[in-house]
$ cat protein09.cif   # mmCIF, C-alpha atoms
data_final
#
loop_
_atom_site.label_atom_id
_atom_site.label_comp_id
_atom_site.auth_asym_id
_atom_site.auth_seq_id
_atom_site.Cartn_x
_atom_site.Cartn_y
_atom_site.Cartn_z
CA MET Q 1 76.22 103.75 105.91
CA ASN Q 2 79.25 105.99 105.38
CA VAL Q 3 82.21 105.19 107.57
CA PRO Q 4 84.37 108.24 108.41
CA PRO Q 5 88.06 107.94 107.55
CA PRO Q 6 90.30 107.05 110.47
CA LEU Q 7 91.78 109.99 112.34
CA ARG Q 8 95.49 110.59 111.81
CA THR Q 9 97.79 110.81 114.80
CA PRO Q 10 98.52 114.49 115.62
CA PRO Q 11 101.92 115.63 114.32
CA ASN Q 12 104.85 115.27 116.68
CA PRO Q 13 105.63 118.78 118.01
CA ASP Q 14 109.36 118.08 117.65
CA ASP Q 15 108.84 117.35 113.96
CA LEU Q 16 106.96 120.63 113.56
CA LEU Q 17 109.81 122.56 115.18
CA VAL Q 18 112.28 120.90 112.82
CA LEU Q 19 110.13 121.99 109.88
CA LEU Q 20 110.07 125.53 111.29
CA ALA Q 21 113.89 125.59 111.39
CA VAL Q 22 114.10 124.33 107.80
CA ALA Q 23 111.54 126.92 106.66
CA ARG Q 24 113.59 129.73 108.22
CA SER Q 25 116.96 128.63 106.89
CA GLY Q 26 115.91 126.95 103.64
CA ARG Q 27 118.47 124.18 104.17
CA PHE Q 28 118.62 120.97 106.17
CA THR Q 29 122.26 121.58 107.13
CA ALA Q 30 121.57 125.07 108.50
CA ALA Q 31 118.48 123.84 110.36
CA ALA Q 32 120.52 120.98 111.84
CA GLU Q 33 123.16 123.43 113.06
CA ASP Q 34 120.53 125.73 114.59
CA LEU Q 35 118.87 122.81 116.40
CA GLY Q 36 122.03 120.99 117.45
CA LEU Q 37 121.11 117.94 115.35
CA ASN Q 38 122.71 116.23 112.39
CA HIS Q 39 121.50 116.42 108.78
CA THR Q 40 120.21 112.84 108.83
CA THR Q 41 118.02 113.48 111.87
CA VAL Q 42 116.48 116.57 110.27
CA SER Q 43 115.75 114.63 107.07
CA ARG Q 44 114.20 111.78 109.08
CA ARG Q 45 112.02 114.19 111.09
CA ILE Q 46 110.71 115.85 107.93
CA ALA Q 47 109.98 112.46 106.37
CA ALA Q 48 108.09 111.41 109.49
CA LEU Q 49 106.05 114.61 109.44
CA GLU Q 50 105.16 114.17 105.76
CA LYS Q 51 104.15 110.56 106.38
CA ASN Q 52 101.98 111.67 109.27
CA LEU Q 53 100.32 114.47 107.28
CA GLY Q 54 100.00 112.37 104.14
CA ALA Q 55 101.62 114.88 101.76
CA ARG Q 56 104.79 116.88 101.11
CA VAL Q 57 105.55 119.90 103.28
CA LEU Q 58 108.68 120.96 101.37
CA SER Q 59 109.61 121.23 97.71
CA ARG Q 60 112.98 121.69 96.06
CA ALA Q 61 113.87 125.27 95.12
CA SER Q 62 116.95 127.00 93.79
CA GLY Q 63 119.51 126.86 96.57
CA GLY Q 64 117.33 125.10 99.14
CA TRP Q 65 113.78 124.21 100.13
CA GLU Q 66 110.43 126.04 99.88
CA LEU Q 67 107.24 125.33 101.80
CA THR Q 68 104.28 123.74 100.03
CA GLY Q 69 100.75 124.89 100.84
CA LEU Q 70 100.49 122.16 103.48
CA GLY Q 71 103.94 123.12 104.73
CA ARG Q 72 102.84 126.72 105.28
CA ARG Q 73 99.88 125.53 107.35
CA ALA Q 74 102.17 123.23 109.33
CA VAL Q 75 104.55 126.12 110.01
CA LEU Q 76 101.69 128.13 111.52
CA ALA Q 77 101.13 125.27 113.96
CA ALA Q 78 104.88 125.06 114.59
CA GLU Q 79 105.05 128.76 115.48
CA ASN Q 80 102.32 128.20 118.08
CA VAL Q 81 104.31 125.30 119.51
CA GLU Q 82 107.44 127.48 119.65
CA LEU Q 83 105.53 130.26 121.42
CA ALA Q 84 104.04 127.84 123.94
CA VAL Q 85 107.45 126.33 124.70
CA GLY Q 86 108.90 129.82 125.12
CA ARG Q 87 106.23 130.68 127.68
CA LEU Q 88 106.93 127.50 129.63
CA ASN Q 89 110.61 128.35 129.69
CA GLY Q 90 110.15 131.67 131.39
CA SER Q 91 108.12 134.55 129.98
CA ASP Q 92 105.70 135.48 127.26
CA ASP Q 93 107.13 139.01 127.15
CA GLU Q 94 107.41 140.05 123.50
CA THR Q 95 110.99 141.30 123.96
CA ASP Q 96 112.12 137.84 125.06
CA ARG Q 97 111.05 136.41 121.72
CA LEU Q 98 113.65 138.39 119.75
CA THR Q 99 116.13 135.56 119.59
CA GLY Q 100 117.56 133.31 116.90
CA VAL Q 101 119.07 133.98 113.49
CA VAL Q 102 117.71 136.39 110.87
CA ARG Q 103 119.24 135.95 107.40
CA MET Q 104 119.25 138.82 104.92
CA SER Q 105 120.92 140.02 101.74
CA ALA Q 106 121.64 143.61 100.70
CA THR Q 107 124.01 145.69 98.60
CA ASP Q 108 127.51 146.42 99.89
CA GLY Q 109 126.87 150.06 100.80
CA PHE Q 110 123.49 149.43 102.41
CA SER Q 111 124.91 146.55 104.44
CA ALA Q 112 127.80 148.62 105.79
CA TYR Q 113 126.17 151.99 106.45
CA ILE Q 114 122.53 151.16 107.18
CA ALA Q 115 122.11 147.49 108.11
CA ALA Q 116 125.20 147.23 110.33
CA PRO Q 117 124.37 150.15 112.68
CA ALA Q 118 120.66 149.23 112.70
CA VAL Q 119 121.43 145.65 113.76
CA ALA Q 120 124.04 146.77 116.30
CA ALA Q 121 121.50 149.03 118.00
CA LEU Q 122 118.85 146.31 118.00
CA ARG Q 123 121.24 143.75 119.48
CA ARG Q 124 122.04 146.05 122.39
CA GLN Q 125 118.42 145.57 123.44
CA HIS Q 126 118.16 141.91 122.38
CA PRO Q 127 121.52 140.15 122.70
CA GLY Q 128 119.94 136.79 121.83
CA LEU Q 129 119.40 138.00 118.27
CA SER Q 130 121.87 137.16 115.48
CA VAL Q 131 121.81 138.54 111.93
CA GLU Q 132 123.62 137.09 108.92
CA ILE Q 133 124.15 139.49 105.98
CA GLU Q 134 125.02 138.36 102.46
CA THR Q 135 126.31 141.29 100.39
CA VAL Q 136 125.15 141.15 96.79
CA THR Q 137 123.78 143.52 94.12
CA ARG Q 138 121.03 141.79 92.17
CA ARG Q 139 117.32 141.90 91.42
CA ALA Q 140 114.92 140.31 93.93
CA LEU Q 141 114.80 136.53 93.84
CA GLN Q 142 111.61 134.68 92.98
CA GLN Q 143 112.68 131.76 95.18
CA ARG Q 144 114.24 133.20 98.35
CA SER Q 145 114.87 129.95 100.20
CA GLY Q 146 116.99 130.56 103.27
CA LEU Q 147 116.57 134.35 103.25
CA ASP Q 148 114.22 136.23 105.56
CA ILE Q 149 114.90 139.72 104.14
CA GLU Q 150 116.25 141.02 100.83
CA VAL Q 151 117.18 144.65 100.21
CA VAL Q 152 117.38 145.50 96.52
CA VAL Q 153 117.75 148.53 94.27
CA GLY Q 154 114.64 149.37 92.23
CA GLU Q 155 111.04 148.27 92.65
CA PRO Q 156 110.94 144.45 92.74
CA GLN Q 157 108.49 142.28 90.81
CA VAL Q 158 107.81 139.41 93.19
CA HIS Q 159 105.05 137.00 94.09
CA ARG Q 160 104.27 135.34 97.43
CA ALA Q 161 106.25 138.06 99.19
CA GLU Q 162 105.87 141.49 100.74
CA ALA Q 163 107.72 144.40 99.09
CA ILE Q 164 108.28 147.54 101.19
CA ARG Q 165 109.87 150.76 99.91
CA LEU Q 166 112.61 151.88 102.29
CA GLY Q 167 113.68 155.16 100.68
CA PRO Q 168 115.80 156.76 97.94
CA TYR Q 169 119.51 157.34 97.53
CA MET Q 170 121.51 159.39 95.04
CA LEU Q 171 124.43 158.53 92.78
CA GLY Q 172 126.76 161.01 91.11
CA MET Q 173 130.04 161.37 89.24
CA TYR Q 174 133.16 161.74 91.41
CA ALA Q 175 136.89 162.06 90.90
CA SER Q 176 139.82 162.50 93.27
CA ARG Q 177 141.48 165.87 93.70
CA SER Q 178 144.80 164.40 92.56
CA TYR Q 179 143.18 162.95 89.41
CA LEU Q 180 141.62 166.30 88.55
CA ALA Q 181 144.89 168.13 89.15
CA GLU Q 182 146.57 165.82 86.63
CA HIS Q 183 143.82 165.47 84.02
CA GLY Q 184 141.73 168.60 84.43
CA THR Q 185 138.18 169.10 85.73
CA PRO Q 186 135.42 168.47 83.15
CA ALA Q 187 133.09 171.46 82.94
CA THR Q 188 130.44 169.87 80.67
CA PRO Q 189 129.06 166.39 79.98
CA GLU Q 190 130.90 166.48 76.64
CA GLU Q 191 134.23 166.97 78.40
CA LEU Q 192 133.40 164.17 80.83
CA LYS Q 193 133.30 161.74 77.90
CA GLU Q 194 137.06 162.09 77.57
CA HIS Q 195 137.59 160.50 81.01
CA PRO Q 196 137.57 156.78 81.91
CA LEU Q 197 134.77 155.28 84.02
CA VAL Q 198 135.04 153.37 87.29
CA TYR Q 199 131.88 151.31 87.79
CA PHE Q 200 130.25 147.88 87.77
CA VAL Q 201 131.31 145.12 85.36
CA ASP Q 202 128.79 145.69 82.57
CA SER Q 203 128.34 142.02 81.66
CA MET Q 204 127.66 141.08 85.29
CA LEU Q 205 125.32 143.93 86.24
CA GLN Q 206 121.97 142.38 87.21
CA VAL Q 207 120.05 145.54 88.14
CA ASP Q 208 118.74 147.49 85.14
CA ASP Q 209 118.25 150.66 87.21
CA LEU Q 210 122.01 150.86 87.76
CA ASP Q 211 122.83 151.36 84.06
CA ALA Q 212 122.81 155.19 84.30
CA PRO Q 213 126.43 156.03 83.38
CA ARG Q 214 126.42 153.83 80.29
CA ARG Q 215 123.03 155.26 79.33
CA LEU Q 216 123.94 158.93 79.96
CA VAL Q 217 127.54 158.89 78.71
CA PRO Q 218 127.86 155.73 76.61
CA SER Q 219 131.15 156.84 75.06
CA MET Q 220 133.02 156.77 78.40
CA ARG Q 221 135.44 153.88 78.26
CA ASP Q 222 135.82 151.54 81.22
CA SER Q 223 138.88 152.02 83.38
CA LEU Q 224 138.44 149.73 86.39
CA THR Q 225 135.27 147.72 86.94
CA SER Q 226 134.16 145.58 89.85
CA THR Q 227 131.09 143.91 91.34
CA ASN Q 228 131.85 145.61 94.69
CA VAL Q 229 130.99 149.27 95.24
CA PHE Q 230 133.72 149.69 97.87
CA VAL Q 231 136.22 148.91 95.09
CA HIS Q 232 134.59 151.67 93.01
CA VAL Q 233 135.13 154.18 95.81
CA GLU Q 234 138.72 153.22 96.53
CA ALA Q 235 139.67 153.00 92.84
CA THR Q 236 138.25 156.49 92.28
CA ARG Q 237 140.18 157.79 95.28
CA ALA Q 238 143.33 156.19 93.85
CA GLY Q 239 142.90 158.07 90.55
CA ALA Q 240 141.74 155.22 88.30
CA GLY Q 241 139.18 157.51 86.66
CA VAL Q 242 135.77 159.04 87.25
CA GLY Q 243 133.55 156.91 89.48
CA PHE Q 244 129.76 156.79 89.41
CA LEU Q 245 129.26 156.44 93.15
CA PRO Q 246 126.53 156.51 95.81
CA CYS Q 247 126.74 159.97 97.36
CA PHE Q 248 126.40 158.60 100.90
CA MET Q 249 129.61 156.64 100.36
CA ALA Q 250 131.63 159.14 98.30
CA ASP Q 251 130.81 162.20 100.43
CA ARG Q 252 132.59 160.60 103.39
CA HIS Q 253 135.92 161.23 101.67
CA PRO Q 254 137.19 164.84 101.44
CA ASP Q 255 139.62 163.82 98.69
CA LEU Q 256 136.69 163.14 96.32
CA VAL Q 257 134.97 165.90 94.34
CA ARG Q 258 131.49 165.59 92.88
CA LEU Q 259 131.38 166.53 89.19
CA LEU Q 260 128.52 168.17 87.28
CA PRO Q 261 125.89 167.50 89.97
CA ASP Q 262 123.14 169.19 87.97
CA ASP Q 263 123.73 166.87 85.01
CA PHE Q 264 124.44 163.60 86.82
CA LYS Q 265 122.06 162.93 89.71
CA GLU Q 266 120.54 159.48 89.54
CA GLU Q 267 118.01 158.87 92.34
CA LEU Q 268 117.16 155.20 92.98
CA PRO Q 269 115.03 153.54 95.65
CA TYR Q 270 115.92 150.82 98.12
CA TRP Q 271 113.21 148.19 98.53
CA MET Q 272 112.88 145.46 101.15
CA VAL Q 273 111.38 142.07 100.25
CA LEU Q 274 110.20 139.61 102.89
CA ARG Q 275 108.51 136.22 102.77
CA ALA Q 276 105.04 136.31 104.31
CA ASP Q 277 105.94 133.57 106.79
CA SER Q 278 109.10 135.46 107.80
CA LEU Q 279 107.05 138.53 108.72
CA ARG Q 280 105.26 136.52 111.40
CA GLN Q 281 108.58 135.97 113.19
CA PRO Q 282 109.10 138.68 115.85
CA ALA Q 283 112.86 138.76 115.23
CA VAL Q 284 112.46 139.28 111.47
CA ALA Q 285 109.79 141.92 111.98
CA ALA Q 286 112.06 143.75 114.44
CA VAL Q 287 115.02 143.71 112.04
CA ALA Q 288 112.81 144.91 109.18
CA GLU Q 289 111.52 147.79 111.30
CA ALA Q 290 115.07 148.70 112.36
CA LEU Q 291 116.20 148.80 108.72
CA TRP Q 292 113.28 151.04 107.77
CA LYS Q 293 113.92 153.44 110.68
CA GLN Q 294 117.65 153.61 109.96
CA THR Q 295 117.03 154.32 106.26
CA THR Q 296 114.52 157.04 107.11
CA SER Q 297 116.81 158.74 109.62
CA TYR Q 298 119.69 158.59 107.11
CA GLU Q 299 117.69 160.13 104.24
CA ALA Q 300 119.59 163.43 103.93
CA VAL Q 301 122.93 161.62 103.71
CA LEU Q 302 121.56 159.06 101.26
CA LEU Q 303 120.46 161.86 98.96
CA GLY Q 304 123.83 163.60 99.08
CA ARG Q 305 122.69 166.60 101.13
CA LYS Q 306 125.83 167.35 103.08
#
$ encode --input "protein09.cif" --output "structure tokens"
Amino acid sequence: MNVPPPLRTPPNPDDLLVLLAVARSGRFTAAAEDLGLNHTTVSRRIAALEKNLGARVLSRASGGWELTGLGRRAVLAAENVELAVGRLNGSDDETDRLTGVVRMSATDGFSAYIAAPAVAALRRQHPGLSVEIETVTRRALQQRSGLDIEVVVGEPQVHRAEAIRLGPYMLGMYASRSYLAEHGTPATPEELKEHPLVYFVDSMLQVDDLDAPRRLVPSMRDSLTSTNVFVHVEATRAGAGVGFLPCFMADRHPDLVRLLPDDFKEELPYWMVLRADSLRQPAVAAVAEALWKQTTSYEAVLLGRK
């Protein structure tokens, strides 16, 4: 006679909610802050949940924690607990669920001119929502612990994530009017080679698609380089050289002149990457939709069509 294994005690709902907070932030410290607990309590809750379930729900990843297969199933249950608690506390109206913190990363220009106004408009409708933006120019991460949304340049190669194309933007060569008055205006690509370049630090550039100026005019010598595109714009305005700049940033400044637009017009796409479990969160889905709508409405400016 086969004796069935003893039934495990159902997981403590509080432990599931702690796991949900860790899954969203990727870190025990951030989850503790969100929940009003201390780091030790979060660690103890996760240990209790793993003991109850009989296996690990989290695994170490670069910069934080990632869910295991069991952890992803536990998070589904945790989301149902969160929804049920929210209904008990007042309303099951979908708009009331847009609360909490959404964490994202994006390039400097996208963060300032697309993400910031999109989030501001969304928060006017949902003041309980908070968005943290890390500004960085890099390829998409394979382990995106702690991030709900990444916006990158170029089509990402990712697994266990959703990649959504937001739209294109244009880069071109620019110089200040004062620089051109002093050094002359190049009329051909050959003449442009005699001018210094303002652009990214070559050794620190992580996005292959952004190598256009060094591919198209490799003989241009570096003048001022930086990892921040706002520095590129301001250095070009100050006369440091010819900057290879996003048109939607450079065209805001009447003291900048676009050079040889028929020869230098590099069109690159913005892509958005989201974890599958993040997409199930109403707040993350709302921010992602707002970013897509803002990018779409901004298309003419992004492509340098004044």
$ atom_distance --input "protein09.cif" --atom1 "atom CA of Glu266 of chain Q" --atom2 "atom CA of Leu245 of chain Q"
9.9 Å
$ atom_distance --input "protein09.cif" --atom1 "atom CA of Glu190 of chain Q" --atom2 "atom CA of Ser223 of chain Q"
17.8 Å
$ atom_distance --input "protein09.cif" --atom1 "atom CA of His183 of chain Q" --atom2 "atom CA of Gly241 of chain Q"
9.6 Å
$ residues_around --input "protein09.cif" --residues "His232 of chain Q" --least-positions-apart "3" --cutoff "9 Å" --atoms "only C-alpha atoms" --output "list in words"
Val198, Tyr199, Phe200, Leu224, Thr225, Ser226, Thr227, Asn228, Val229, Ala235, Thr236, Arg237, Gly243, Phe244 and Leu245 of chain Q
$ closest_residue --input "protein09.cif" --among "Q:Leu37, Q:Val231, Q:Leu260, Q:Leu20" --to "Val81 of chain Q" --atoms "all atoms listed in the file"
Q:Leu20
$ closest_residue --input "protein09.cif" --among "Q:Asp202, Q:Trp65, Q:Val287, Q:Tyr270" --to "Ala120 of chain Q" --atoms "only C-alpha atoms"
Q:Val287
$ resolve_selection --input "protein09.cif" --expression "the PyMOL selection byres ((chain Q and resi 95-110) around 9)" --output "mmCIF file with C-alpha atoms, in the coordinates of the input"
data_model
loop_
_atom_site.group_PDB
_atom_site.id
_atom_site.type_symbol
_atom_site.label_atom_id
_atom_site.label_comp_id
_atom_site.auth_asym_id
_atom_site.auth_seq_id
_atom_site.Cartn_x
_atom_site.Cartn_y
_atom_site.Cartn_z
ATOM 1 C CA ARG Q 24 113.590 129.730 108.220
ATOM 2 C CA SER Q 25 116.960 128.630 106.890
ATOM 3 C CA ASP Q 34 120.530 125.730 114.590
ATOM 4 C CA LEU Q 83 105.530 130.260 121.420
ATOM 5 C CA GLY Q 86 108.900 129.820 125.120
ATOM 6 C CA SER Q 91 108.120 134.550 129.980
ATOM 7 C CA ASP Q 92 105.700 135.480 127.260
ATOM 8 C CA ASP Q 93 107.130 139.010 127.150
ATOM 9 C CA GLU Q 94 107.410 140.050 123.500
ATOM 10 C CA SER Q 111 124.910 146.550 104.440
ATOM 11 C CA ALA Q 112 127.800 148.620 105.790
ATOM 12 C CA TYR Q 113 126.170 151.990 106.450
ATOM 13 C CA ILE Q 114 122.530 151.160 107.180
ATOM 14 C CA ALA Q 115 122.110 147.490 108.110
ATOM 15 C CA ALA Q 116 125.200 147.230 110.330
ATOM 16 C CA GLN Q 125 118.420 145.570 123.440
ATOM 17 C CA HIS Q 126 118.160 141.910 122.380
ATOM 18 C CA PRO Q 127 121.520 140.150 122.700
ATOM 19 C CA GLY Q 128 119.940 136.790 121.830
ATOM 20 C CA LEU Q 129 119.400 138.000 118.270
ATOM 21 C CA SER Q 130 121.870 137.160 115.480
ATOM 22 C CA VAL Q 131 121.810 138.540 111.930
ATOM 23 C CA GLU Q 132 123.620 137.090 108.920
ATOM 24 C CA ILE Q 133 124.150 139.490 105.980
ATOM 25 C CA GLU Q 134 125.020 138.360 102.460
ATOM 26 C CA THR Q 135 126.310 141.290 100.390
ATOM 27 C CA VAL Q 136 125.150 141.150 96.790
ATOM 28 C CA THR Q 137 123.780 143.520 94.120
ATOM 29 C CA ARG Q 138 121.030 141.790 92.170
ATOM 30 C CA GLY Q 146 116.990 130.560 103.270
ATOM 31 C CA LEU Q 147 116.570 134.350 103.250
ATOM 32 C CA ASP Q 148 114.220 136.230 105.560
ATOM 33 C CA ILE Q 149 114.900 139.720 104.140
ATOM 34 C CA GLU Q 150 116.250 141.020 100.830
ATOM 35 C CA VAL Q 151 117.180 144.650 100.210
ATOM 36 C CA VAL Q 152 117.380 145.500 96.520
ATOM 37 C CA VAL Q 153 117.750 148.530 94.270
ATOM 38 C CA ASN Q 228 131.850 145.610 94.690
ATOM 39 C CA VAL Q 229 130.990 149.270 95.240
ATOM 40 C CA PHE Q 230 133.720 149.690 97.870
ATOM 41 C CA PRO Q 246 126.530 156.510 95.810
ATOM 42 C CA PHE Q 248 126.400 158.600 100.900
ATOM 43 C CA MET Q 249 129.610 156.640 100.360
ATOM 44 C CA TYR Q 270 115.920 150.820 98.120
ATOM 45 C CA MET Q 272 112.880 145.460 101.150
ATOM 46 C CA GLN Q 281 108.580 135.970 113.190
ATOM 47 C CA PRO Q 282 109.100 138.680 115.850
ATOM 48 C CA ALA Q 283 112.860 138.760 115.230
ATOM 49 C CA VAL Q 284 112.460 139.280 111.470
ATOM 50 C CA ALA Q 286 112.060 143.750 114.440
ATOM 51 C CA VAL Q 287 115.020 143.710 112.040
ATOM 52 C CA THR Q 295 117.030 154.320 106.260
#
$ residues_near_point --input "protein09.cif" --point "(103.7, 119.3, 99.1)" --cutoff "7 Å" --atoms "only C-alpha atoms" --output "list in words"
Ala55, Arg56, Val57, Leu58, Ser59, Thr68, Gly69, Leu70 and Gly71 of chain Q
$ write_last_selection --input "protein09.cif" --atoms "C-alpha atoms" --output "short mmCIF file (atom, residue, chain, number, x, y, z; two decimals), in the coordinates of the input"
data_model
loop_
_atom_site.label_atom_id
_atom_site.label_comp_id
_atom_site.auth_asym_id
_atom_site.auth_seq_id
_atom_site.Cartn_x
_atom_site.Cartn_y
_atom_site.Cartn_z
CA ALA Q 55 101.62 114.88 101.76
CA ARG Q 56 104.79 116.88 101.11
CA VAL Q 57 105.55 119.90 103.28
CA LEU Q 58 108.68 120.96 101.37
CA SER Q 59 109.61 121.23 97.71
CA THR Q 68 104.28 123.74 100.03
CA GLY Q 69 100.75 124.89 100.84
CA LEU Q 70 100.49 122.16 103.48
CA GLY Q 71 103.94 123.12 104.73
#
$ residues_near_point --input "protein09.cif" --point "(119.3, 149.9, 113.0)" --cutoff "6 Å" --atoms "all atoms listed in the file" --output "list of chain:residue names"
Q:Pro117, Q:Ala118, Q:Val119, Q:Ala121, Q:Ala290, Q:Leu291, Q:Gln294
$ closest_residue --input "protein09.cif" --among "Q:Thr41, Q:Thr188, Q:Val273, Q:Ala61" --to "Ala285 of chain Q" --atoms "all atoms listed in the file"
Q:Val273
$ resolve_selection --input "protein09.cif" --expression "the PyMOL selection byres ((chain Q and resi 15-18) around 8)" --output "JSON, numbers by chain"
{"Q": [11, 12, 13, 14, 19, 20, 21, 22, 31, 35, 42, 45, 46, 48, 49, 74, 75, 77, 78, 79, 81, 82]}
$ residues_around --input "protein09.cif" --residues "Ser219 of chain Q" --least-positions-apart "4" --cutoff "12 Å" --atoms "all atoms listed in the file" --output "PDB file with C-alpha atoms, in the frame of the given file"
ATOM      1  CA  PRO Q 189     129.060 166.390  79.980  1.00  0.00           C
ATOM      2  CA  GLU Q 190     130.900 166.480  76.640  1.00  0.00           C
ATOM      3  CA  GLU Q 191     134.230 166.970  78.400  1.00  0.00           C
ATOM      4  CA  LEU Q 192     133.400 164.170  80.830  1.00  0.00           C
ATOM      5  CA  LYS Q 193     133.300 161.740  77.900  1.00  0.00           C
ATOM      6  CA  GLU Q 194     137.060 162.090  77.570  1.00  0.00           C
ATOM      7  CA  HIS Q 195     137.590 160.500  81.010  1.00  0.00           C
ATOM      8  CA  PRO Q 196     137.570 156.780  81.910  1.00  0.00           C
ATOM      9  CA  LEU Q 197     134.770 155.280  84.020  1.00  0.00           C
ATOM     10  CA  PRO Q 213     126.430 156.030  83.380  1.00  0.00           C
ATOM     11  CA  ARG Q 214     126.420 153.830  80.290  1.00  0.00           C
ATOM     12  CA  ARG Q 215     123.030 155.260  79.330  1.00  0.00           C
TER      13      ARG Q 215
END
$ residues_around --input "protein09.cif" --residues "Phe264 of chain Q" --least-positions-apart "6" --cutoff "8 Å" --atoms "only C-alpha atoms" --output "PyMOL selection string"
chain Q and resi 171-173
$ closest_residue --input "protein09.cif" --among "Q:Ala175, Q:Ala23, Q:Val301, Q:Leu256" --to "Arg72 of chain Q" --atoms "all atoms listed in the file"
Q:Ala23
$ closest_residue --input "protein09.cif" --among "Q:Tyr179, Q:Ala140, Q:Gly64, Q:Gly184" --to "Pro156 of chain Q" --atoms "all atoms listed in the file"
Q:Ala140
$ closest_residue --input "protein09.cif" --among "Q:Leu279, Q:Leu259, Q:Ala84, Q:Leu67" --to "Val242 of chain Q" --atoms "only C-alpha atoms"
Q:Leu259
$ axis_aligned_box --input "protein09.cif" --around "segment 263-281 of chain Q" --padding-each-side "6 Å" --output "AutoDock Vina command-line options"
--center_x 114.7 --center_y 150.2 --center_z 99.1 --size_x 31.4 --size_y 45.3 --size_z 40.2
$ resolve_selection --input "protein09.cif" --expression "the PyMOL selection byres ((chain Q and resi 163) around 7)" --output "PyMOL selection string"
chain Q and resi 161-162+164-165+271-274
$ decode --input "protein09.cif" --residues "segment 246-257 of chain Q" --atoms "N, CA and C atoms" --output "PDB file, in the first residue's frame"
ATOM      1  N   PRO Q 246      22.502  63.325 -31.280  1.00  0.00           N
ATOM      2  CA  PRO Q 246      21.102  63.029 -31.598  1.00  0.00           C
ATOM      3  C   PRO Q 246      20.410  64.319 -32.065  1.00  0.00           C
ATOM      4  N   CYS Q 247      19.733  64.252 -33.183  1.00  0.00           N
ATOM      5  CA  CYS Q 247      19.090  65.449 -33.733  1.00  0.00           C
ATOM      6  C   CYS Q 247      18.061  66.031 -32.776  1.00  0.00           C
ATOM      7  N   PHE Q 248      17.350  65.176 -32.031  1.00  0.00           N
ATOM      8  CA  PHE Q 248      16.304  65.690 -31.155  1.00  0.00           C
ATOM      9  C   PHE Q 248      16.879  66.471 -29.977  1.00  0.00           C
ATOM     10  N   MET Q 249      18.171  66.308 -29.714  1.00  0.00           N
ATOM     11  CA  MET Q 249      18.819  67.096 -28.677  1.00  0.00           C
ATOM     12  C   MET Q 249      19.507  68.329 -29.279  1.00  0.00           C
ATOM     13  N   ALA Q 250      20.201  68.143 -30.398  1.00  0.00           N
ATOM     14  CA  ALA Q 250      20.954  69.251 -30.991  1.00  0.00           C
ATOM     15  C   ALA Q 250      20.035  70.312 -31.599  1.00  0.00           C
ATOM     16  N   ASP Q 251      18.926  69.889 -32.194  1.00  0.00           N
ATOM     17  CA  ASP Q 251      18.051  70.843 -32.887  1.00  0.00           C
ATOM     18  C   ASP Q 251      17.336  71.799 -31.941  1.00  0.00           C
ATOM     19  N   ARG Q 252      17.420  71.556 -30.638  1.00  0.00           N
ATOM     20  CA  ARG Q 252      16.850  72.469 -29.660  1.00  0.00           C
ATOM     21  C   ARG Q 252      17.660  73.756 -29.534  1.00  0.00           C
ATOM     22  N   HIS Q 253      18.889  73.742 -30.051  1.00  0.00           N
ATOM     23  CA  HIS Q 253      19.803  74.859 -29.829  1.00  0.00           C
ATOM     24  C   HIS Q 253      20.064  75.610 -31.133  1.00  0.00           C
ATOM     25  N   PRO Q 254      19.592  76.843 -31.270  1.00  0.00           N
ATOM     26  CA  PRO Q 254      19.778  77.594 -32.512  1.00  0.00           C
ATOM     27  C   PRO Q 254      21.241  77.946 -32.807  1.00  0.00           C
ATOM     28  N   ASP Q 255      22.113  77.809 -31.807  1.00  0.00           N
ATOM     29  CA  ASP Q 255      23.520  78.097 -32.051  1.00  0.00           C
ATOM     30  C   ASP Q 255      24.264  76.912 -32.661  1.00  0.00           C
ATOM     31  N   LEU Q 256      23.572  75.786 -32.861  1.00  0.00           N
ATOM     32  CA  LEU Q 256      24.184  74.619 -33.507  1.00  0.00           C
ATOM     33  C   LEU Q 256      23.698  74.496 -34.946  1.00  0.00           C
ATOM     34  N   VAL Q 257      24.621  74.112 -35.826  1.00  0.00           N
ATOM     35  CA  VAL Q 257      24.329  73.951 -37.254  1.00  0.00           C
ATOM     36  C   VAL Q 257      24.603  72.497 -37.636  1.00  0.00           C
TER      37      VAL Q 257
END
